[in-house]
file run-v5.cif (mmCIF, C-alpha atoms)
data_work
#
loop_
_atom_site.label_atom_id
_atom_site.label_comp_id
_atom_site.auth_asym_id
_atom_site.auth_seq_id
_atom_site.Cartn_x
_atom_site.Cartn_y
_atom_site.Cartn_z
CA MET A 13 81.52 -61.81 203.68
CA PRO A 14 80.71 -58.66 201.70
CA GLY A 15 81.79 -58.61 198.09
CA ARG A 16 84.57 -56.37 196.89
CA ALA A 17 83.79 -53.10 195.21
CA VAL A 18 84.33 -52.91 191.47
CA SER A 19 86.63 -50.09 190.47
CA SER A 20 86.15 -48.24 187.21
CA SER A 21 89.81 -47.19 187.09
CA SER A 22 90.55 -49.54 184.22
CA LEU A 23 87.50 -48.68 182.13
CA PRO A 24 87.72 -46.27 179.15
CA GLY A 25 89.58 -43.08 179.98
CA THR A 26 92.39 -44.81 181.86
CA HIS A 27 94.98 -47.32 180.79
CA SER A 28 96.77 -50.10 182.63
CA SER A 29 100.47 -50.55 182.00
CA GLY A 30 100.79 -53.78 184.00
CA PRO A 31 101.46 -57.24 182.60
CA LEU A 32 98.77 -59.53 181.33
CA ALA A 33 96.66 -61.25 183.94
CA PRO A 34 98.10 -64.59 185.02
CA THR A 35 96.78 -67.65 183.27
CA MET A 36 96.92 -71.37 183.93
CA SER A 37 100.34 -72.96 184.38
CA GLY A 38 102.11 -69.63 184.11
CA MET A 39 101.01 -69.09 180.53
CA ALA A 40 100.96 -65.78 178.63
CA GLY A 41 104.74 -65.74 178.37
CA GLN A 42 106.01 -62.23 178.88
CA PRO A 43 109.53 -60.93 178.20
CA ALA A 44 111.85 -61.43 181.16
CA SER A 45 112.61 -57.71 181.29
CA GLY A 46 108.96 -56.88 181.88
CA SER A 47 108.65 -55.17 178.47
CA SER A 48 105.45 -55.65 176.54
CA GLY A 49 105.40 -58.02 173.60
CA LEU A 50 105.09 -55.08 171.25
CA ASP A 51 108.19 -53.42 172.69
CA ALA A 52 110.14 -56.66 172.39
CA LEU A 53 109.18 -57.21 168.76
CA ALA A 54 109.77 -53.55 167.94
CA ALA A 55 113.42 -54.13 168.81
CA LEU A 56 113.68 -56.23 165.63
CA GLY A 57 112.77 -53.22 163.51
CA GLU A 58 116.43 -52.16 163.56
CA PRO A 59 118.14 -53.93 160.59
CA THR A 60 121.44 -54.81 162.30
CA ARG A 61 119.67 -56.12 165.37
CA ARG A 62 117.32 -58.17 163.21
CA ALA A 63 120.24 -59.67 161.28
CA LEU A 64 122.03 -60.67 164.48
CA TYR A 65 118.84 -62.23 165.87
CA ALA A 66 118.16 -64.11 162.62
CA TYR A 67 121.68 -65.54 162.56
CA ILE A 68 121.61 -66.69 166.18
CA VAL A 69 118.20 -68.40 166.03
CA ALA A 70 119.25 -70.24 162.85
CA GLN A 71 122.05 -72.01 164.73
CA ASP A 72 121.63 -75.23 166.71
CA ARG A 73 123.94 -73.98 169.46
CA ALA A 74 124.70 -70.85 171.42
CA VAL A 75 126.74 -68.26 169.51
CA SER A 76 129.56 -66.01 170.71
CA ARG A 77 129.58 -62.27 170.23
CA ASP A 78 132.57 -62.52 167.88
CA GLU A 79 130.92 -65.16 165.71
CA ALA A 80 127.66 -63.21 165.44
CA ALA A 81 129.53 -60.04 164.53
CA SER A 82 131.66 -61.79 161.89
CA ALA A 83 128.71 -63.65 160.34
CA THR A 84 126.67 -60.47 159.92
CA GLY A 85 129.51 -58.12 158.98
CA THR A 86 128.97 -56.04 162.10
CA LYS A 87 131.62 -54.33 164.22
CA ARG A 88 132.17 -56.16 167.51
CA ALA A 89 131.20 -53.17 169.67
CA THR A 90 128.05 -52.59 167.62
CA ALA A 91 127.13 -56.27 167.82
CA ALA A 92 127.65 -56.23 171.59
CA PHE A 93 125.27 -53.29 171.96
CA HIS A 94 122.52 -54.90 169.90
CA LEU A 95 122.91 -58.34 171.46
CA GLU A 96 122.52 -56.91 174.95
CA ARG A 97 119.44 -55.04 173.78
CA LEU A 98 117.97 -58.31 172.51
CA VAL A 99 118.70 -59.95 175.86
CA GLY A 100 117.09 -57.05 177.70
CA ASP A 101 113.98 -57.30 175.54
CA GLY A 102 113.63 -61.01 176.27
CA LEU A 103 114.37 -62.19 172.73
CA LEU A 104 117.75 -63.76 173.50
CA GLU A 105 119.30 -65.46 176.52
CA ALA A 106 122.97 -65.16 177.44
CA ARG A 107 125.32 -67.42 179.39
CA PHE A 108 129.04 -67.78 179.88
CA ALA A 109 130.94 -70.87 178.68
CA ARG A 110 134.27 -71.88 177.17
CA VAL A 111 133.95 -71.92 173.40
CA SER A 112 136.57 -74.71 173.16
CA GLY A 113 134.41 -77.02 175.23
CA ARG A 114 137.43 -78.00 177.33
CA THR A 115 137.68 -77.60 181.08
CA GLY A 116 140.54 -77.27 183.53
CA PRO A 117 143.93 -75.52 183.13
CA GLY A 118 144.61 -74.29 179.62
CA ALA A 119 140.98 -74.48 178.57
CA GLY A 120 140.90 -70.77 177.84
CA ARG A 121 138.71 -67.93 179.01
CA THR A 122 134.94 -68.09 179.05
CA ALA A 123 132.94 -66.23 176.43
CA LYS A 124 129.44 -64.82 176.51
CA LEU A 125 127.18 -66.95 174.35
CA TYR A 126 123.75 -66.06 172.99
CA ALA A 127 120.76 -68.23 172.08
CA ARG A 128 117.07 -67.69 171.44
CA ALA A 129 115.08 -67.14 174.63
CA ARG A 130 112.96 -70.11 175.67
CA GLN A 131 109.94 -68.01 176.56
CA GLN A 132 107.25 -67.23 174.02
CA ILE A 133 106.40 -63.70 172.97
CA ALA A 134 103.07 -63.29 171.22
CA VAL A 135 101.32 -60.13 170.10
CA SER A 136 97.77 -59.84 168.82
CA LEU A 137 95.71 -56.74 168.13
CA PRO A 138 92.93 -56.84 169.21
CA PRO A 139 94.00 -59.05 172.13
CA ARG A 140 93.41 -62.79 171.63
CA ARG A 141 93.97 -65.43 174.32
CA TYR A 142 93.67 -68.74 172.51
CA GLU A 143 96.08 -70.38 174.95
CA ILE A 144 93.38 -70.05 177.62
CA ALA A 145 90.76 -71.68 175.40
CA ALA A 146 93.20 -74.48 174.51
CA GLU A 147 94.00 -75.15 178.17
CA VAL A 148 90.33 -75.15 179.18
CA LEU A 149 89.16 -77.40 176.34
CA ALA A 150 92.06 -79.86 176.62
CA GLY A 151 91.54 -80.15 180.37
CA ALA A 152 87.80 -80.59 179.89
CA LEU A 153 88.21 -83.40 177.37
CA GLU A 154 90.62 -85.25 179.65
CA ALA A 155 88.24 -84.85 182.61
CA ALA A 156 85.24 -85.98 180.54
CA GLU A 157 87.07 -89.14 179.45
CA ARG A 158 88.14 -90.00 182.99
CA ALA A 159 84.69 -89.49 184.51
CA ALA A 160 82.59 -90.49 181.49
CA ALA A 161 80.82 -87.13 181.96
CA PRO A 162 79.16 -84.93 179.33
CA VAL A 163 81.72 -82.69 177.63
CA SER A 164 79.59 -79.58 178.23
CA GLU A 165 79.71 -80.15 181.98
CA ALA A 166 83.45 -80.74 181.89
CA VAL A 167 83.96 -77.52 179.91
CA ALA A 168 81.89 -75.57 182.44
CA ARG A 169 83.98 -76.88 185.34
CA ALA A 170 87.31 -76.35 183.58
CA ALA A 171 86.37 -72.81 182.53
CA ASP A 172 85.23 -71.92 186.05
CA GLN A 173 88.54 -73.18 187.44
CA ALA A 174 90.49 -71.25 184.83
CA GLY A 175 88.65 -68.05 185.72
CA ARG A 176 89.45 -68.55 189.39
CA GLN A 177 93.12 -69.09 188.59
CA ILE A 178 93.21 -65.91 186.52
CA ALA A 179 91.65 -63.95 189.39
CA ALA A 180 93.87 -65.43 192.11
CA GLY A 181 95.66 -62.60 193.87
CA GLY A 182 93.77 -59.93 191.93
CA ALA A 183 91.92 -57.04 193.52
CA ASP A 184 90.07 -55.15 190.80
CA LEU A 185 87.55 -56.66 188.37
CA ALA A 186 87.86 -54.01 185.67
CA GLU A 187 91.64 -54.22 185.62
CA LEU A 188 91.61 -58.03 185.45
CA LEU A 189 89.19 -57.87 182.53
CA THR A 190 91.44 -55.37 180.77
CA ARG A 191 94.56 -57.43 181.31
CA SER A 192 92.76 -60.54 180.07
CA GLY A 193 91.92 -58.81 176.78
CA TYR A 194 88.20 -58.13 177.23
CA GLU A 195 88.39 -54.32 176.83
CA PRO A 196 85.62 -53.55 179.38
CA LYS A 197 83.52 -50.43 178.90
CA GLN A 198 80.90 -48.90 181.16
CA GLY A 199 77.54 -49.06 179.39
CA PRO A 200 74.74 -46.49 179.69
CA ASP A 201 72.77 -49.10 181.64
CA GLY A 202 75.49 -49.25 184.30
CA CYS A 203 76.66 -52.69 183.17
CA ILE A 204 80.15 -53.58 182.01
CA HIS A 205 80.14 -54.43 178.32
CA LEU A 206 83.14 -56.30 176.95
CA ALA A 207 84.16 -54.73 173.65
CA ASN A 208 86.53 -57.54 172.68
CA CYS A 209 86.25 -61.33 172.72
CA PRO A 210 89.66 -62.95 173.38
CA PHE A 211 88.42 -66.07 171.55
CA HIS A 212 86.89 -64.31 168.54
CA GLU A 213 88.17 -66.55 165.71
CA LEU A 214 86.63 -69.64 167.33
CA LEU A 215 83.12 -68.18 167.28
CA ALA A 216 82.35 -68.67 163.59
CA ARG A 217 82.13 -72.47 163.90
CA HIS A 218 81.83 -73.05 167.65
CA ALA A 219 79.73 -70.17 168.98
CA ASP A 220 77.69 -72.15 171.53
CA LEU A 221 80.73 -73.89 172.98
CA VAL A 222 82.89 -70.75 173.13
CA CYS A 223 80.18 -68.55 174.62
CA ALA A 224 79.40 -71.14 177.30
CA MET A 225 83.11 -71.45 178.11
CA ASN A 226 83.46 -67.68 178.23
CA LEU A 227 80.49 -67.31 180.58
CA HIS A 228 81.74 -69.92 183.05
CA LEU A 229 85.26 -68.51 182.90
CA LEU A 230 84.04 -65.03 183.82
CA GLN A 231 81.71 -66.39 186.48
CA GLY A 232 84.67 -68.19 188.04
CA LEU A 233 86.80 -65.04 187.82
CA ILE A 234 84.11 -62.94 189.52
CA GLY A 235 83.45 -65.61 192.13
CA GLU A 236 87.12 -65.91 193.08
CA LEU A 237 87.49 -62.15 193.22
CA GLY A 238 84.42 -61.77 195.41
CA ALA A 239 83.22 -58.85 193.31
CA CYS A 240 79.69 -57.46 193.58
CA ALA A 241 78.88 -58.43 190.00
CA GLN A 242 77.20 -61.11 187.92
CA ALA A 243 78.12 -62.39 184.44
CA ARG A 244 75.35 -63.33 182.02
CA LEU A 245 75.03 -64.21 178.35
CA ASP A 246 74.03 -61.13 176.39
CA PRO A 247 75.24 -61.56 172.79
CA ALA A 248 75.29 -58.49 170.57
CA GLU A 249 77.02 -57.44 167.38
CA GLY A 250 80.53 -56.07 167.79
CA ARG A 251 81.26 -57.16 171.36
CA CYS A 252 81.71 -60.16 173.63
CA CYS A 253 78.70 -62.38 174.30
CA VAL A 254 78.94 -61.81 178.05
CA THR A 255 77.77 -58.73 179.95
CA ILE A 256 78.59 -58.08 183.59
CA SER A 257 75.92 -56.54 185.79
CA LEU A 258 77.10 -54.65 188.87
CA SER A 259 75.25 -54.89 192.16
#

call {"tool": "encode", "arguments": {"input": "run-v5.cif", "output": "structure tokens"}}
result
Amino acid sequence: MPGRAVSSSSLPGTHSSGPLAPTMSGMAGQPASGSSGLDALAALGEPTRRALYAYIVAQDRAVSRDEAASATGTKRATAAFHLERLVGDGLLEARFARVSGRTGPGAGRTAKLYARARQQIAVSLPPRRYEIAAEVLAGALEAAERAAAPVSEAVARAADQAGRQIAAGGADLAELLTRSGYEPKQGPDGCIHLANCPFHELLARHADLVCAMNLHLLQGLIGELGACAQARLDPAEGRCCVTISLS
């Protein structure tokens, strides 16, 4: 079957506004509203909103609108506005329950309660994806122990599988690379150079392991996508150790 064409729509000069590429086990937790992590965290720049958020996450239970307003010295209507903004940005979750804890006749009306959202919001500039490395390496160690296989082989297999999972359902290599944090750029030689390494901080002490993992991950991604491209190790200062040749 012929390989898919590689679009340059996501290379420098254009920008993708979509969510991060999917990772293993539904990782890369994004805000429920679809906002970016930066937008969600920017919501906390407003002092009243930040105070309401800080009070709610410090409690070991869900908090009513009235309690949050009273504890922070905020008018109820103002608190309601900011709390709904925090829910919309994925920082808080809301549910309805009776504050008294009683049920049945005479238990009172339900109130809207707020608690910290269960999902994780992480922001890193430049993009870092250490959750992918952790998933790959943990899975590889478990597989190596079960099969009594060399760790390097287990890492290669786990990284290839991770790359295929990231690419599942994707259609464009350049956009997947962008969403995965690689910052692809078209080089003068016609190759795709990756300006950013999502695992950069691990390189100082584990360069061989991380570069091998990165290579197999990208090979798996390309293989699953069916793109007319090939990943190869090509380390150079200031960019990722992998270069992608187009064919």

call {"tool": "residues_around", "arguments": {"input": "run-v5.cif", "residues": "A:Ala109", "least_positions_apart": "3", "cutoff": "7 Å", "atoms": "only C-alpha atoms", "output": "PyMOL selection string"}}
result
chain A and resi 122-125

call {"tool": "closest_atom_pairs", "arguments": {"input": "run-v5.cif", "of": "stretch 127-202 of chain A", "to": "stretch 84-105 of chain A", "cutoff": "7 Å", "atoms": "all atoms listed in the file", "output": "JSON lines"}}
result
{"residue": "A:Ala127", "atom": "CA", "partner": "A:Glu105", "partner_atom": "CA", "distance": 5.4}
{"residue": "A:Arg128", "atom": "CA", "partner": "A:Leu104", "partner_atom": "CA", "distance": 4.5}
{"residue": "A:Ala129", "atom": "CA", "partner": "A:Leu104", "partner_atom": "CA", "distance": 4.5}

call {"tool": "write_last_selection", "arguments": {"input": "run-v5.cif", "atoms": "C-alpha atoms", "output": "short mmCIF file (atom, residue, chain, number, x, y, z; two decimals), keeping the file's coordinate frame"}}
result
data_model
loop_
_atom_site.label_atom_id
_atom_site.label_comp_id
_atom_site.auth_asym_id
_atom_site.auth_seq_id
_atom_site.Cartn_x
_atom_site.Cartn_y
_atom_site.Cartn_z
CA ALA A 127 120.76 -68.23 172.08
CA ARG A 128 117.07 -67.69 171.44
CA ALA A 129 115.08 -67.14 174.63
#

call {"tool": "closest_residue", "arguments": {"input": "run-v5.cif", "among": "A:Thr190, A:Thr60, A:Asn208, A:Gln173", "to": "A:His228", "atoms": "only C-alpha atoms"}}
result
A:Gln173

call {"tool": "atom_distance", "arguments": {"input": "run-v5.cif", "atom1": "atom CA of A:Arg217", "atom2": "atom CA of A:Ser257"}}
result
27.8 Å

call {"tool": "closest_residue", "arguments": {"input": "run-v5.cif", "among": "A:Gln198, A:Ile178, A:Ala207, A:Asp246", "to": "A:Leu230", "atoms": "only C-alpha atoms"}}
result
A:Ile178

call {"tool": "atom_distance", "arguments": {"input": "run-v5.cif", "atom1": "atom CA of A:Leu227", "atom2": "atom CA of A:Arg169"}}
result
11.2 Å

call {"tool": "resolve_selection", "arguments": {"input": "run-v5.cif", "expression": "the PyMOL selection byres ((chain A and resi 154-165) around 12)", "output": "mmCIF file with C-alpha atoms, in the frame of the given file"}}
result
data_model
loop_
_atom_site.group_PDB
_atom_site.id
_atom_site.type_symbol
_atom_site.label_atom_id
_atom_site.label_comp_id
_atom_site.auth_asym_id
_atom_site.auth_seq_id
_atom_site.Cartn_x
_atom_site.Cartn_y
_atom_site.Cartn_z
ATOM 1 C CA GLU A 147 94.000 -75.150 178.170
ATOM 2 C CA VAL A 148 90.330 -75.150 179.180
ATOM 3 C CA LEU A 149 89.160 -77.400 176.340
ATOM 4 C CA ALA A 150 92.060 -79.860 176.620
ATOM 5 C CA GLY A 151 91.540 -80.150 180.370
ATOM 6 C CA ALA A 152 87.800 -80.590 179.890
ATOM 7 C CA LEU A 153 88.210 -83.400 177.370
ATOM 8 C CA ALA A 166 83.450 -80.740 181.890
ATOM 9 C CA VAL A 167 83.960 -77.520 179.910
ATOM 10 C CA ALA A 168 81.890 -75.570 182.440
ATOM 11 C CA ARG A 169 83.980 -76.880 185.340
ATOM 12 C CA ALA A 170 87.310 -76.350 183.580
ATOM 13 C CA ALA A 171 86.370 -72.810 182.530
ATOM 14 C CA ASP A 172 85.230 -71.920 186.050
ATOM 15 C CA ASP A 220 77.690 -72.150 171.530
ATOM 16 C CA LEU A 221 80.730 -73.890 172.980
ATOM 17 C CA VAL A 222 82.890 -70.750 173.130
ATOM 18 C CA CYS A 223 80.180 -68.550 174.620
ATOM 19 C CA ALA A 224 79.400 -71.140 177.300
ATOM 20 C CA MET A 225 83.110 -71.450 178.110
ATOM 21 C CA HIS A 228 81.740 -69.920 183.050
#

call {"tool": "atom_distance", "arguments": {"input": "run-v5.cif", "atom1": "atom CA of A:Ala239", "atom2": "atom CA of A:Val254"}}
result
16.1 Å

call {"tool": "closest_residue", "arguments": {"input": "run-v5.cif", "among": "A:Val69, A:Leu237, A:Ala80, A:Val75", "to": "A:Arg130", "atoms": "all atoms listed in the file"}}
result
A:Val69

call {"tool": "resolve_selection", "arguments": {"input": "run-v5.cif", "expression": "the PyMOL selection byres ((chain A and resi 255) around 12)", "output": "PyMOL selection string"}}
result
chain A and resi 189+194-199+201-209+223+226-227+230-231+241-248+251-254+256-258
